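Trainee: Take a look at data.cif, mmCIF, N, CA and C atoms:
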data_start
loop_
_atom_site.label_atom_id
_atom_site.label_comp_id
_atom_site.auth_asym_id
_atom_site.auth_seq_id
_atom_site.Cartn_x
_atom_site.Cartn_y
_atom_site.Cartn_z
N ALA A 1 -13.74 1.69 8.65
CA ALA A 1 -13.82 0.59 7.71
C ALA A 1 -14.65 -0.53 8.33
N ALA A 2 -15.35 -1.23 7.48
CA ALA A 2 -16.15 -2.35 7.95
C ALA A 2 -15.23 -3.47 8.42
N PRO A 3 -15.64 -4.23 9.45
CA PRO A 3 -14.79 -5.30 9.94
C PRO A 3 -14.31 -6.28 8.87
N PRO A 4 -15.17 -6.73 7.90
CA PRO A 4 -14.63 -7.65 6.89
C PRO A 4 -13.50 -7.02 6.07
N GLU A 5 -13.63 -5.71 5.75
CA GLU A 5 -12.56 -5.06 4.99
C GLU A 5 -11.29 -4.95 5.83
N ALA A 6 -11.44 -4.60 7.10
CA ALA A 6 -10.27 -4.50 7.98
C ALA A 6 -9.59 -5.87 8.10
N SER A 7 -10.40 -6.92 8.21
CA SER A 7 -9.85 -8.28 8.29
C SER A 7 -9.11 -8.64 7.00
N ALA A 8 -9.68 -8.27 5.86
CA ALA A 8 -9.02 -8.56 4.58
C ALA A 8 -7.71 -7.79 4.47
N ARG A 9 -7.70 -6.53 4.92
CA ARG A 9 -6.46 -5.75 4.89
C ARG A 9 -5.40 -6.36 5.80
N THR A 10 -5.83 -6.83 6.97
CA THR A 10 -4.89 -7.45 7.91
C THR A 10 -4.30 -8.72 7.31
N HIS A 11 -5.15 -9.57 6.78
CA HIS A 11 -4.69 -10.84 6.21
C HIS A 11 -3.74 -10.59 5.03
N ALA A 12 -4.13 -9.71 4.12
CA ALA A 12 -3.28 -9.42 2.96
C ALA A 12 -2.01 -8.71 3.39
N GLY A 13 -2.10 -7.83 4.37
CA GLY A 13 -0.91 -7.14 4.87
C GLY A 13 0.09 -8.10 5.50
N GLU A 14 -0.42 -9.08 6.23
CA GLU A 14 0.47 -10.10 6.81
C GLU A 14 1.17 -10.89 5.72
N ALA A 15 0.46 -11.20 4.65
CA ALA A 15 1.07 -11.94 3.54
C ALA A 15 2.16 -11.10 2.88
N LEU A 16 1.92 -9.81 2.69
CA LEU A 16 2.95 -8.95 2.11
C LEU A 16 4.17 -8.88 3.02
N ALA A 17 3.94 -8.71 4.31
CA ALA A 17 5.05 -8.60 5.27
C ALA A 17 5.89 -9.87 5.29
N ALA A 18 5.29 -11.01 4.98
CA ALA A 18 6.00 -12.29 5.00
C ALA A 18 6.67 -12.62 3.66
N SER A 19 6.39 -11.85 2.63
CA SER A 19 6.92 -12.15 1.30
C SER A 19 8.43 -11.98 1.22
N ALA A 20 9.08 -12.93 0.58
CA ALA A 20 10.53 -12.85 0.38
C ALA A 20 10.89 -11.76 -0.63
N ARG A 21 9.94 -11.32 -1.45
CA ARG A 21 10.21 -10.30 -2.47
C ARG A 21 10.01 -8.88 -1.96
N ILE A 22 9.52 -8.77 -0.72
CA ILE A 22 9.21 -7.45 -0.16
C ILE A 22 9.97 -7.28 1.15
N THR A 23 10.76 -6.22 1.23
CA THR A 23 11.49 -5.89 2.45
C THR A 23 10.84 -4.66 3.05
N CYS A 24 10.54 -4.73 4.33
CA CYS A 24 9.86 -3.63 5.01
C CYS A 24 10.62 -3.24 6.27
N THR A 25 10.56 -1.95 6.60
CA THR A 25 11.06 -1.50 7.89
C THR A 25 10.11 -2.02 8.96
N PRO A 26 10.56 -2.07 10.22
CA PRO A 26 9.66 -2.52 11.29
C PRO A 26 8.37 -1.71 11.37
N ASP A 27 8.45 -0.40 11.18
CA ASP A 27 7.23 0.43 11.21
C ASP A 27 6.28 0.06 10.08
N ALA A 28 6.82 -0.20 8.88
CA ALA A 28 5.98 -0.58 7.75
C ALA A 28 5.33 -1.94 7.99
N VAL A 29 6.07 -2.87 8.57
CA VAL A 29 5.51 -4.19 8.91
C VAL A 29 4.35 -4.03 9.89
N ALA A 30 4.52 -3.15 10.87
CA ALA A 30 3.47 -2.94 11.87
C ALA A 30 2.19 -2.41 11.21
N VAL A 31 2.32 -1.49 10.25
CA VAL A 31 1.15 -0.96 9.54
C VAL A 31 0.47 -2.08 8.75
N LEU A 32 1.25 -2.89 8.04
CA LEU A 32 0.68 -3.99 7.26
C LEU A 32 -0.03 -5.00 8.15
N ARG A 33 0.63 -5.43 9.20
CA ARG A 33 0.06 -6.47 10.07
C ARG A 33 -1.16 -5.99 10.85
N ALA A 34 -1.26 -4.68 11.07
CA ALA A 34 -2.41 -4.13 11.78
C ALA A 34 -3.59 -3.86 10.84
N GLY A 35 -3.40 -4.12 9.54
CA GLY A 35 -4.48 -3.88 8.58
C GLY A 35 -4.73 -2.40 8.34
N ARG A 36 -3.69 -1.59 8.50
CA ARG A 36 -3.86 -0.15 8.39
C ARG A 36 -3.38 0.40 7.04
N ALA A 37 -3.07 -0.47 6.08
CA ALA A 37 -2.66 -0.02 4.74
C ALA A 37 -3.86 -0.05 3.80
N ASP A 38 -3.96 0.96 2.96
CA ASP A 38 -5.02 1.07 1.97
C ASP A 38 -4.99 -0.16 1.06
N PRO A 39 -6.15 -0.72 0.71
CA PRO A 39 -6.17 -1.92 -0.13
C PRO A 39 -5.54 -1.70 -1.50
N ARG A 40 -5.58 -0.47 -2.03
CA ARG A 40 -4.94 -0.21 -3.32
C ARG A 40 -3.43 -0.34 -3.19
N LEU A 41 -2.87 0.08 -2.06
CA LEU A 41 -1.44 -0.09 -1.83
C LEU A 41 -1.09 -1.56 -1.68
N ILE A 42 -1.89 -2.29 -0.94
CA ILE A 42 -1.63 -3.72 -0.75
C ILE A 42 -1.61 -4.43 -2.10
N ALA A 43 -2.62 -4.17 -2.92
CA ALA A 43 -2.72 -4.85 -4.22
C ALA A 43 -1.58 -4.46 -5.15
N THR A 44 -1.24 -3.18 -5.19
CA THR A 44 -0.19 -2.75 -6.14
C THR A 44 1.20 -3.11 -5.66
N ILE A 45 1.44 -3.12 -4.36
CA ILE A 45 2.75 -3.57 -3.87
C ILE A 45 2.94 -5.04 -4.22
N ALA A 46 1.89 -5.85 -4.07
CA ALA A 46 1.98 -7.26 -4.44
C ALA A 46 2.26 -7.42 -5.93
N ALA A 47 1.58 -6.62 -6.76
CA ALA A 47 1.81 -6.70 -8.21
C ALA A 47 3.21 -6.24 -8.58
N LEU A 48 3.70 -5.17 -7.96
CA LEU A 48 5.05 -4.69 -8.24
C LEU A 48 6.08 -5.73 -7.81
N ALA A 49 5.84 -6.41 -6.69
CA ALA A 49 6.77 -7.44 -6.21
C ALA A 49 6.89 -8.61 -7.18
N ALA A 50 5.88 -8.82 -8.01
CA ALA A 50 5.97 -9.87 -9.03
C ALA A 50 6.94 -9.46 -10.14
N LEU A 51 7.17 -8.15 -10.28
CA LEU A 51 8.06 -7.63 -11.33
C LEU A 51 9.47 -7.36 -10.85
N GLN A 52 9.61 -6.93 -9.60
CA GLN A 52 10.92 -6.58 -9.05
C GLN A 52 10.85 -6.66 -7.54
N PRO A 53 12.00 -6.84 -6.88
CA PRO A 53 11.98 -6.77 -5.41
C PRO A 53 11.53 -5.38 -4.96
N VAL A 54 10.81 -5.33 -3.85
CA VAL A 54 10.24 -4.07 -3.36
C VAL A 54 10.77 -3.82 -1.95
N ARG A 55 11.14 -2.56 -1.70
CA ARG A 55 11.53 -2.14 -0.35
C ARG A 55 10.58 -1.04 0.11
N VAL A 56 9.84 -1.35 1.17
CA VAL A 56 8.89 -0.39 1.74
C VAL A 56 9.56 0.26 2.94
N ALA A 57 9.81 1.57 2.82
CA ALA A 57 10.45 2.31 3.91
C ALA A 57 9.42 2.76 4.94
N ALA A 58 8.21 3.15 4.46
CA ALA A 58 7.21 3.68 5.38
C ALA A 58 5.85 3.77 4.70
N PHE A 59 4.84 3.85 5.54
CA PHE A 59 3.49 4.22 5.12
C PHE A 59 3.20 5.54 5.84
N PRO A 60 3.71 6.67 5.32
CA PRO A 60 3.54 7.94 6.04
C PRO A 60 2.06 8.31 6.15
N ALA A 61 1.67 8.74 7.32
CA ALA A 61 0.27 9.12 7.54
C ALA A 61 -0.02 10.47 6.91
N VAL A 62 -1.17 10.58 6.30
CA VAL A 62 -1.69 11.87 5.85
C VAL A 62 -2.36 12.47 7.09
N PRO A 63 -2.14 13.77 7.37
CA PRO A 63 -2.75 14.35 8.58
C PRO A 63 -4.26 14.06 8.66
N GLY A 64 -4.68 13.60 9.85
CA GLY A 64 -6.07 13.30 10.10
C GLY A 64 -6.50 11.88 9.78
N GLU A 65 -5.67 11.16 9.05
CA GLU A 65 -6.01 9.80 8.61
C GLU A 65 -6.14 8.83 9.80
N ASP A 66 -5.12 8.81 10.65
CA ASP A 66 -5.14 7.87 11.78
C ASP A 66 -6.27 8.17 12.76
N PRO A 67 -6.46 9.44 13.19
CA PRO A 67 -7.57 9.70 14.12
C PRO A 67 -8.94 9.35 13.54
N ALA A 68 -9.07 9.43 12.21
CA ALA A 68 -10.34 9.11 11.56
C ALA A 68 -10.53 7.61 11.34
N GLY A 69 -9.50 6.83 11.67
CA GLY A 69 -9.59 5.38 11.47
C GLY A 69 -9.49 4.96 10.02
N GLN A 70 -8.94 5.82 9.19
CA GLN A 70 -8.78 5.50 7.76
C GLN A 70 -7.46 4.78 7.54
N PRO A 71 -7.41 3.84 6.60
CA PRO A 71 -6.13 3.18 6.29
C PRO A 71 -5.16 4.19 5.68
N ARG A 72 -3.90 3.94 5.88
CA ARG A 72 -2.88 4.81 5.31
C ARG A 72 -2.82 4.62 3.81
N ARG A 73 -2.83 5.73 3.10
CA ARG A 73 -2.91 5.70 1.64
C ARG A 73 -1.66 6.22 0.95
N ARG A 74 -0.55 6.32 1.71
CA ARG A 74 0.74 6.69 1.11
C ARG A 74 1.77 5.63 1.45
N VAL A 75 2.70 5.43 0.51
CA VAL A 75 3.81 4.52 0.75
C VAL A 75 5.08 5.17 0.21
N LEU A 76 6.19 4.95 0.92
CA LEU A 76 7.50 5.39 0.47
C LEU A 76 8.31 4.15 0.11
N LEU A 77 8.66 4.05 -1.17
CA LEU A 77 9.42 2.90 -1.67
C LEU A 77 10.86 3.33 -1.93
N THR A 78 11.81 2.49 -1.55
CA THR A 78 13.22 2.78 -1.78
C THR A 78 13.84 1.64 -2.57
N GLY A 79 14.86 1.94 -3.36
CA GLY A 79 15.48 0.93 -4.21
C GLY A 79 14.58 0.64 -5.39
N GLY A 80 15.16 0.53 -6.55
CA GLY A 80 14.36 0.27 -7.75
C GLY A 80 13.39 1.39 -8.06
N GLU A 81 13.80 2.63 -7.75
CA GLU A 81 12.89 3.77 -7.89
C GLU A 81 12.39 3.96 -9.31
N ASP A 82 13.26 3.76 -10.31
CA ASP A 82 12.81 3.95 -11.70
C ASP A 82 11.66 3.02 -12.03
N GLY A 83 11.82 1.75 -11.68
CA GLY A 83 10.76 0.78 -11.94
C GLY A 83 9.50 1.06 -11.15
N ALA A 84 9.66 1.43 -9.88
CA ALA A 84 8.49 1.71 -9.04
C ALA A 84 7.75 2.94 -9.54
N ALA A 85 8.48 3.99 -9.89
CA ALA A 85 7.83 5.21 -10.38
C ALA A 85 7.07 4.93 -11.68
N ALA A 86 7.69 4.20 -12.59
CA ALA A 86 7.03 3.89 -13.86
C ALA A 86 5.81 2.99 -13.64
N PHE A 87 5.93 2.02 -12.74
CA PHE A 87 4.83 1.12 -12.44
C PHE A 87 3.61 1.91 -11.93
N TYR A 88 3.84 2.77 -10.94
CA TYR A 88 2.71 3.51 -10.38
C TYR A 88 2.19 4.58 -11.32
N ALA A 89 3.05 5.21 -12.09
CA ALA A 89 2.60 6.23 -13.05
C ALA A 89 1.73 5.60 -14.14
N GLY A 90 1.92 4.31 -14.41
CA GLY A 90 1.16 3.61 -15.45
C GLY A 90 -0.13 2.97 -14.97
N GLN A 91 -0.46 3.10 -13.70
CA GLN A 91 -1.69 2.49 -13.18
C GLN A 91 -2.91 3.21 -13.74
N ARG A 92 -4.00 2.48 -13.88
CA ARG A 92 -5.24 3.04 -14.43
C ARG A 92 -6.41 2.82 -13.50
N ASP A 93 -7.43 3.58 -13.73
CA ASP A 93 -8.72 3.43 -13.07
C ASP A 93 -8.59 3.38 -11.55
N LEU A 94 -9.08 2.34 -10.92
CA LEU A 94 -9.10 2.24 -9.46
C LEU A 94 -7.73 2.31 -8.82
N PHE A 95 -6.72 1.88 -9.56
CA PHE A 95 -5.38 1.79 -8.99
C PHE A 95 -4.47 2.96 -9.37
N ARG A 96 -5.05 3.99 -10.00
CA ARG A 96 -4.26 5.18 -10.36
C ARG A 96 -4.07 6.04 -9.12
N PRO A 97 -2.81 6.27 -8.71
CA PRO A 97 -2.57 7.13 -7.55
C PRO A 97 -2.86 8.60 -7.87
N SER A 98 -3.10 9.38 -6.83
CA SER A 98 -3.28 10.82 -7.04
C SER A 98 -1.94 11.48 -7.28
N SER A 99 -0.84 10.87 -6.77
CA SER A 99 0.50 11.40 -7.06
C SER A 99 1.56 10.33 -6.91
N VAL A 100 2.59 10.46 -7.72
CA VAL A 100 3.80 9.64 -7.65
C VAL A 100 4.95 10.64 -7.67
N THR A 101 5.65 10.78 -6.54
CA THR A 101 6.66 11.81 -6.40
C THR A 101 8.00 11.21 -6.03
N ARG A 102 9.02 11.59 -6.78
CA ARG A 102 10.39 11.20 -6.40
C ARG A 102 10.87 12.16 -5.32
N THR A 103 11.36 11.62 -4.22
CA THR A 103 11.89 12.43 -3.13
C THR A 103 13.35 12.02 -2.91
N ALA A 104 14.03 12.71 -2.02
CA ALA A 104 15.41 12.35 -1.68
C ALA A 104 15.46 10.96 -1.05
N ASP A 105 14.32 10.52 -0.47
CA ASP A 105 14.28 9.24 0.23
C ASP A 105 13.76 8.08 -0.61
N GLY A 106 13.18 8.35 -1.78
CA GLY A 106 12.62 7.29 -2.61
C GLY A 106 11.43 7.79 -3.40
N VAL A 107 10.51 6.89 -3.69
CA VAL A 107 9.31 7.23 -4.45
C VAL A 107 8.13 7.23 -3.48
N LEU A 108 7.44 8.38 -3.39
CA LEU A 108 6.27 8.51 -2.52
C LEU A 108 5.02 8.42 -3.38
N VAL A 109 4.20 7.41 -3.08
CA VAL A 109 2.95 7.17 -3.82
C VAL A 109 1.80 7.51 -2.89
N THR A 110 0.86 8.30 -3.39
CA THR A 110 -0.30 8.70 -2.60
C THR A 110 -1.58 8.38 -3.38
N TYR A 111 -2.53 7.75 -2.69
CA TYR A 111 -3.83 7.45 -3.29
C TYR A 111 -4.86 8.44 -2.78
N PRO A 112 -5.93 8.66 -3.58
CA PRO A 112 -7.01 9.52 -3.12
C PRO A 112 -7.72 8.90 -1.91
N LEU A 113 -8.46 9.73 -1.19
CA LEU A 113 -9.26 9.24 -0.07
C LEU A 113 -10.25 8.17 -0.50
N PHE A 114 -10.54 7.29 0.40
CA PHE A 114 -11.64 6.33 0.28
C PHE A 114 -11.51 5.38 -0.91
N ALA A 115 -10.81 4.29 -0.65
CA ALA A 115 -10.73 3.21 -1.64
C ALA A 115 -12.11 2.62 -1.84
N PRO A 116 -12.43 2.22 -3.07
CA PRO A 116 -13.72 1.56 -3.28
C PRO A 116 -13.76 0.25 -2.50
N PRO A 117 -14.93 -0.12 -1.99
CA PRO A 117 -15.03 -1.38 -1.24
C PRO A 117 -14.84 -2.58 -2.16
N GLY A 118 -14.42 -3.68 -1.55
CA GLY A 118 -14.35 -4.94 -2.27
C GLY A 118 -13.10 -5.19 -3.07
N LEU A 119 -12.03 -4.39 -2.87
CA LEU A 119 -10.80 -4.62 -3.63
C LEU A 119 -10.04 -5.84 -3.13
N LEU A 120 -10.19 -6.16 -1.86
CA LEU A 120 -9.55 -7.34 -1.29
C LEU A 120 -10.62 -8.35 -0.92
N VAL A 121 -10.33 -9.60 -1.13
CA VAL A 121 -11.28 -10.67 -0.79
C VAL A 121 -11.26 -10.87 0.72
N PRO A 122 -12.43 -10.84 1.36
CA PRO A 122 -12.47 -11.07 2.80
C PRO A 122 -11.90 -12.44 3.14
N PHE A 123 -11.18 -12.50 4.23
CA PHE A 123 -10.57 -13.75 4.68
C PHE A 123 -11.42 -14.31 5.80
N SER A 124 -11.74 -15.58 5.68
CA SER A 124 -12.44 -16.24 6.79
C SER A 124 -11.67 -17.49 7.15
N SER A 125 -11.46 -17.66 8.44
CA SER A 125 -10.72 -18.84 8.87
C SER A 125 -11.65 -20.05 8.90
N PRO A 126 -11.08 -21.23 8.66
CA PRO A 126 -11.90 -22.44 8.60
C PRO A 126 -12.53 -22.80 9.92
#
Translate this structure into structure tokens?

Mentor:
Amino acid sequence: AAPPEASARTHAGEALAASARITCTPDAVAVLRAGRADPRLIATIAALAALQPVRVAAFPAVPGEDPAGQPRRRVLLTGGEDGAAAFYAGQRDLFRPSSVTRTADGVLVTYPLFAPPGLLVPFSSP
């Protein structure tokens, strides 16, 4: 990923991790703060949090994703599964996941490879 995109993911991930409407496991917080979450996940988790509290259990890696330096494009959400599943199943165009699966642990959302550039606004410090 280009440095401006990585910086935007880091900045937005830190904001999500700090949100009172979003509860994350320590591992999920680490992924967000390191800028390793796909921008489509960052944007949709923020949008879902405006509708209901969100619990992020994990950003499970797709095999090969981390060694390739790609952001993680899967999230496991727990609590409020009905709302989360309906929210993600209803996404369109750029934000439509490749799969939304109910598991014993929650709702697993997976996005296709390679998010389009420019989904997050680059952050520049003053």

Trainee: Residues at most 8 Å from Pro116 (chain A), counting all atoms listed in the file, excluding those fewer than 4 positions away in the same chain, as JSON, numbers by chain?

Mentor: {"A": [39, 40, 94, 120]}

Trainee: Quick one: residues within 6.5 Å of Ala37 (chain A), only N, CA and C atoms, excluding same-chain residues fewer than 2 positions away - as a count of residues only?

Mentor: 12

Trainee: Between CA of Glu14 (chain A) and CA of Pro67 (chain A), what is the spacing in Å?

Mentor: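 CA of Glu14 (chain A) lies 22.6 Å from CA of Pro67 (chain A).
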
Trainee: Counting all atoms listed in the file, which residues sit no farther than 5 Å from the position (11.6, -0.1, -2.1) in the file's frame? I'd like them as a list in words.

Mentor: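 Residues found, by chain and rising number: Val54, Arg55, Val56, Leu77, Thr78 and Gly79 of chain A.
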
Trainee: Mind checking DSSP for chain A and telling me the helix (DSSP H, G or I) residues as JSON, numbers by chain?

Mentor: {"A": [3, 4, 5, 6, 7, 8, 9, 10, 11, 12, 13, 14, 15, 16, 17, 18, 26, 27, 28, 29, 30, 31, 32, 33, 39, 40, 41, 42, 43, 44, 45, 46, 47, 48, 49, 50, 51, 81, 82, 83, 84, 85, 86, 87, 88, 89, 93, 94, 95]}

Trainee: Generate the missing atoms of region 15-26 of chain A up to all heavy atoms and report them as a PDB file, in the coordinates of the input.

Mentor:
ATOM      1  N   ALA A  15       0.460 -11.200   4.650  1.00  0.00           N
ATOM      2  CA  ALA A  15       1.070 -11.940   3.540  1.00  0.00           C
ATOM      3  C   ALA A  15       2.160 -11.100   2.880  1.00  0.00           C
ATOM      4  O   ALA A  15       3.242 -11.623   2.553  1.00  0.00           O
ATOM      5  CB  ALA A  15       0.007 -12.331   2.507  1.00  0.00           C
ATOM      6  N   LEU A  16       1.920  -9.810   2.690  1.00  0.00           N
ATOM      7  CA  LEU A  16       2.950  -8.950   2.110  1.00  0.00           C
ATOM      8  C   LEU A  16       4.170  -8.880   3.020  1.00  0.00           C
ATOM      9  O   LEU A  16       5.306  -8.981   2.560  1.00  0.00           O
ATOM     10  CB  LEU A  16       2.438  -7.525   1.886  1.00  0.00           C
ATOM     11  CG  LEU A  16       1.540  -7.251   0.707  1.00  0.00           C
ATOM     12  CD1 LEU A  16       1.266  -5.751   0.599  1.00  0.00           C
ATOM     13  CD2 LEU A  16       2.124  -7.751  -0.588  1.00  0.00           C
ATOM     14  N   ALA A  17       3.940  -8.710   4.310  1.00  0.00           N
ATOM     15  CA  ALA A  17       5.050  -8.600   5.270  1.00  0.00           C
ATOM     16  C   ALA A  17       5.890  -9.870   5.290  1.00  0.00           C
ATOM     17  O   ALA A  17       7.095  -9.819   5.559  1.00  0.00           O
ATOM     18  CB  ALA A  17       4.505  -8.294   6.664  1.00  0.00           C
ATOM     19  N   ALA A  18       5.290 -11.010   4.980  1.00  0.00           N
ATOM     20  CA  ALA A  18       6.000 -12.290   5.000  1.00  0.00           C
ATOM     21  C   ALA A  18       6.670 -12.620   3.660  1.00  0.00           C
ATOM     22  O   ALA A  18       7.436 -13.584   3.574  1.00  0.00           O
ATOM     23  CB  ALA A  18       5.030 -13.414   5.368  1.00  0.00           C
ATOM     24  N   SER A  19       6.390 -11.850   2.630  1.00  0.00           N
ATOM     25  CA  SER A  19       6.920 -12.150   1.300  1.00  0.00           C
ATOM     26  C   SER A  19       8.430 -11.980   1.220  1.00  0.00           C
ATOM     27  O   SER A  19       8.979 -10.988   1.708  1.00  0.00           O
ATOM     28  CB  SER A  19       6.274 -11.228   0.255  1.00  0.00           C
ATOM     29  OG  SER A  19       6.918 -11.373  -0.991  1.00  0.00           O
ATOM     30  N   ALA A  20       9.080 -12.930   0.580  1.00  0.00           N
ATOM     31  CA  ALA A  20      10.530 -12.850   0.380  1.00  0.00           C
ATOM     32  C   ALA A  20      10.890 -11.760  -0.630  1.00  0.00           C
ATOM     33  O   ALA A  20      12.041 -11.322  -0.681  1.00  0.00           O
ATOM     34  CB  ALA A  20      11.069 -14.205  -0.077  1.00  0.00           C
ATOM     35  N   ARG A  21       9.940 -11.320  -1.450  1.00  0.00           N
ATOM     36  CA  ARG A  21      10.210 -10.300  -2.470  1.00  0.00           C
ATOM     37  C   ARG A  21      10.010  -8.880  -1.960  1.00  0.00           C
ATOM     38  O   ARG A  21      10.262  -7.922  -2.668  1.00  0.00           O
ATOM     39  CB  ARG A  21       9.298 -10.518  -3.674  1.00  0.00           C
ATOM     40  CG  ARG A  21       9.441 -11.877  -4.284  1.00  0.00           C
ATOM     41  CD  ARG A  21      10.029 -12.007  -5.614  1.00  0.00           C
ATOM     42  NE  ARG A  21       9.894 -10.950  -6.565  1.00  0.00           N
ATOM     43  CZ  ARG A  21      10.861 -10.648  -7.433  1.00  0.00           C
ATOM     44  NH1 ARG A  21      11.994 -11.289  -7.404  1.00  0.00           N
ATOM     45  NH2 ARG A  21      10.679  -9.707  -8.320  1.00  0.00           N
ATOM     46  N   ILE A  22       9.520  -8.770  -0.720  1.00  0.00           N
ATOM     47  CA  ILE A  22       9.210  -7.450  -0.160  1.00  0.00           C
ATOM     48  C   ILE A  22       9.970  -7.280   1.150  1.00  0.00           C
ATOM     49  O   ILE A  22       9.846  -8.113   2.057  1.00  0.00           O
ATOM     50  CB  ILE A  22       7.696  -7.297   0.083  1.00  0.00           C
ATOM     51  CG1 ILE A  22       6.936  -7.485  -1.237  1.00  0.00           C
ATOM     52  CG2 ILE A  22       7.382  -5.936   0.706  1.00  0.00           C
ATOM     53  CD1 ILE A  22       5.441  -7.622  -1.082  1.00  0.00           C
ATOM     54  N   THR A  23      10.760  -6.220   1.230  1.00  0.00           N
ATOM     55  CA  THR A  23      11.490  -5.890   2.450  1.00  0.00           C
ATOM     56  C   THR A  23      10.840  -4.660   3.050  1.00  0.00           C
ATOM     57  O   THR A  23      10.606  -3.677   2.356  1.00  0.00           O
ATOM     58  CB  THR A  23      12.966  -5.587   2.123  1.00  0.00           C
ATOM     59  OG1 THR A  23      13.533  -6.698   1.431  1.00  0.00           O
ATOM     60  CG2 THR A  23      13.762  -5.305   3.377  1.00  0.00           C
ATOM     61  N   CYS A  24      10.540  -4.730   4.330  1.00  0.00           N
ATOM     62  CA  CYS A  24       9.860  -3.630   5.010  1.00  0.00           C
ATOM     63  C   CYS A  24      10.620  -3.240   6.270  1.00  0.00           C
ATOM     64  O   CYS A  24      11.196  -4.087   6.944  1.00  0.00           O
ATOM     65  CB  CYS A  24       8.456  -4.041   5.450  1.00  0.00           C
ATOM     66  SG  CYS A  24       7.339  -4.502   4.131  1.00  0.00           S
ATOM     67  N   THR A  25      10.560  -1.950   6.600  1.00  0.00           N
ATOM     68  CA  THR A  25      11.060  -1.500   7.890  1.00  0.00           C
ATOM     69  C   THR A  25      10.110  -2.020   8.960  1.00  0.00           C
ATOM     70  O   THR A  25       8.958  -2.372   8.664  1.00  0.00           O
ATOM     71  CB  THR A  25      11.099   0.040   7.952  1.00  0.00           C
ATOM     72  OG1 THR A  25       9.770   0.531   7.812  1.00  0.00           O
ATOM     73  CG2 THR A  25      12.012   0.629   6.887  1.00  0.00           C
ATOM     74  N   PRO A  26      10.560  -2.070  10.220  1.00  0.00           N
ATOM     75  CA  PRO A  26       9.660  -2.520  11.290  1.00  0.00           C
ATOM     76  C   PRO A  26       8.370  -1.710  11.370  1.00  0.00           C
ATOM     77  O   PRO A  26       7.294  -2.273  11.598  1.00  0.00           O
ATOM     78  CB  PRO A  26      10.501  -2.374  12.558  1.00  0.00           C
ATOM     79  CG  PRO A  26      11.915  -2.547  12.068  1.00  0.00           C
ATOM     80  CD  PRO A  26      11.940  -1.890  10.711  1.00  0.00           C
TER      81      PRO A  26
END
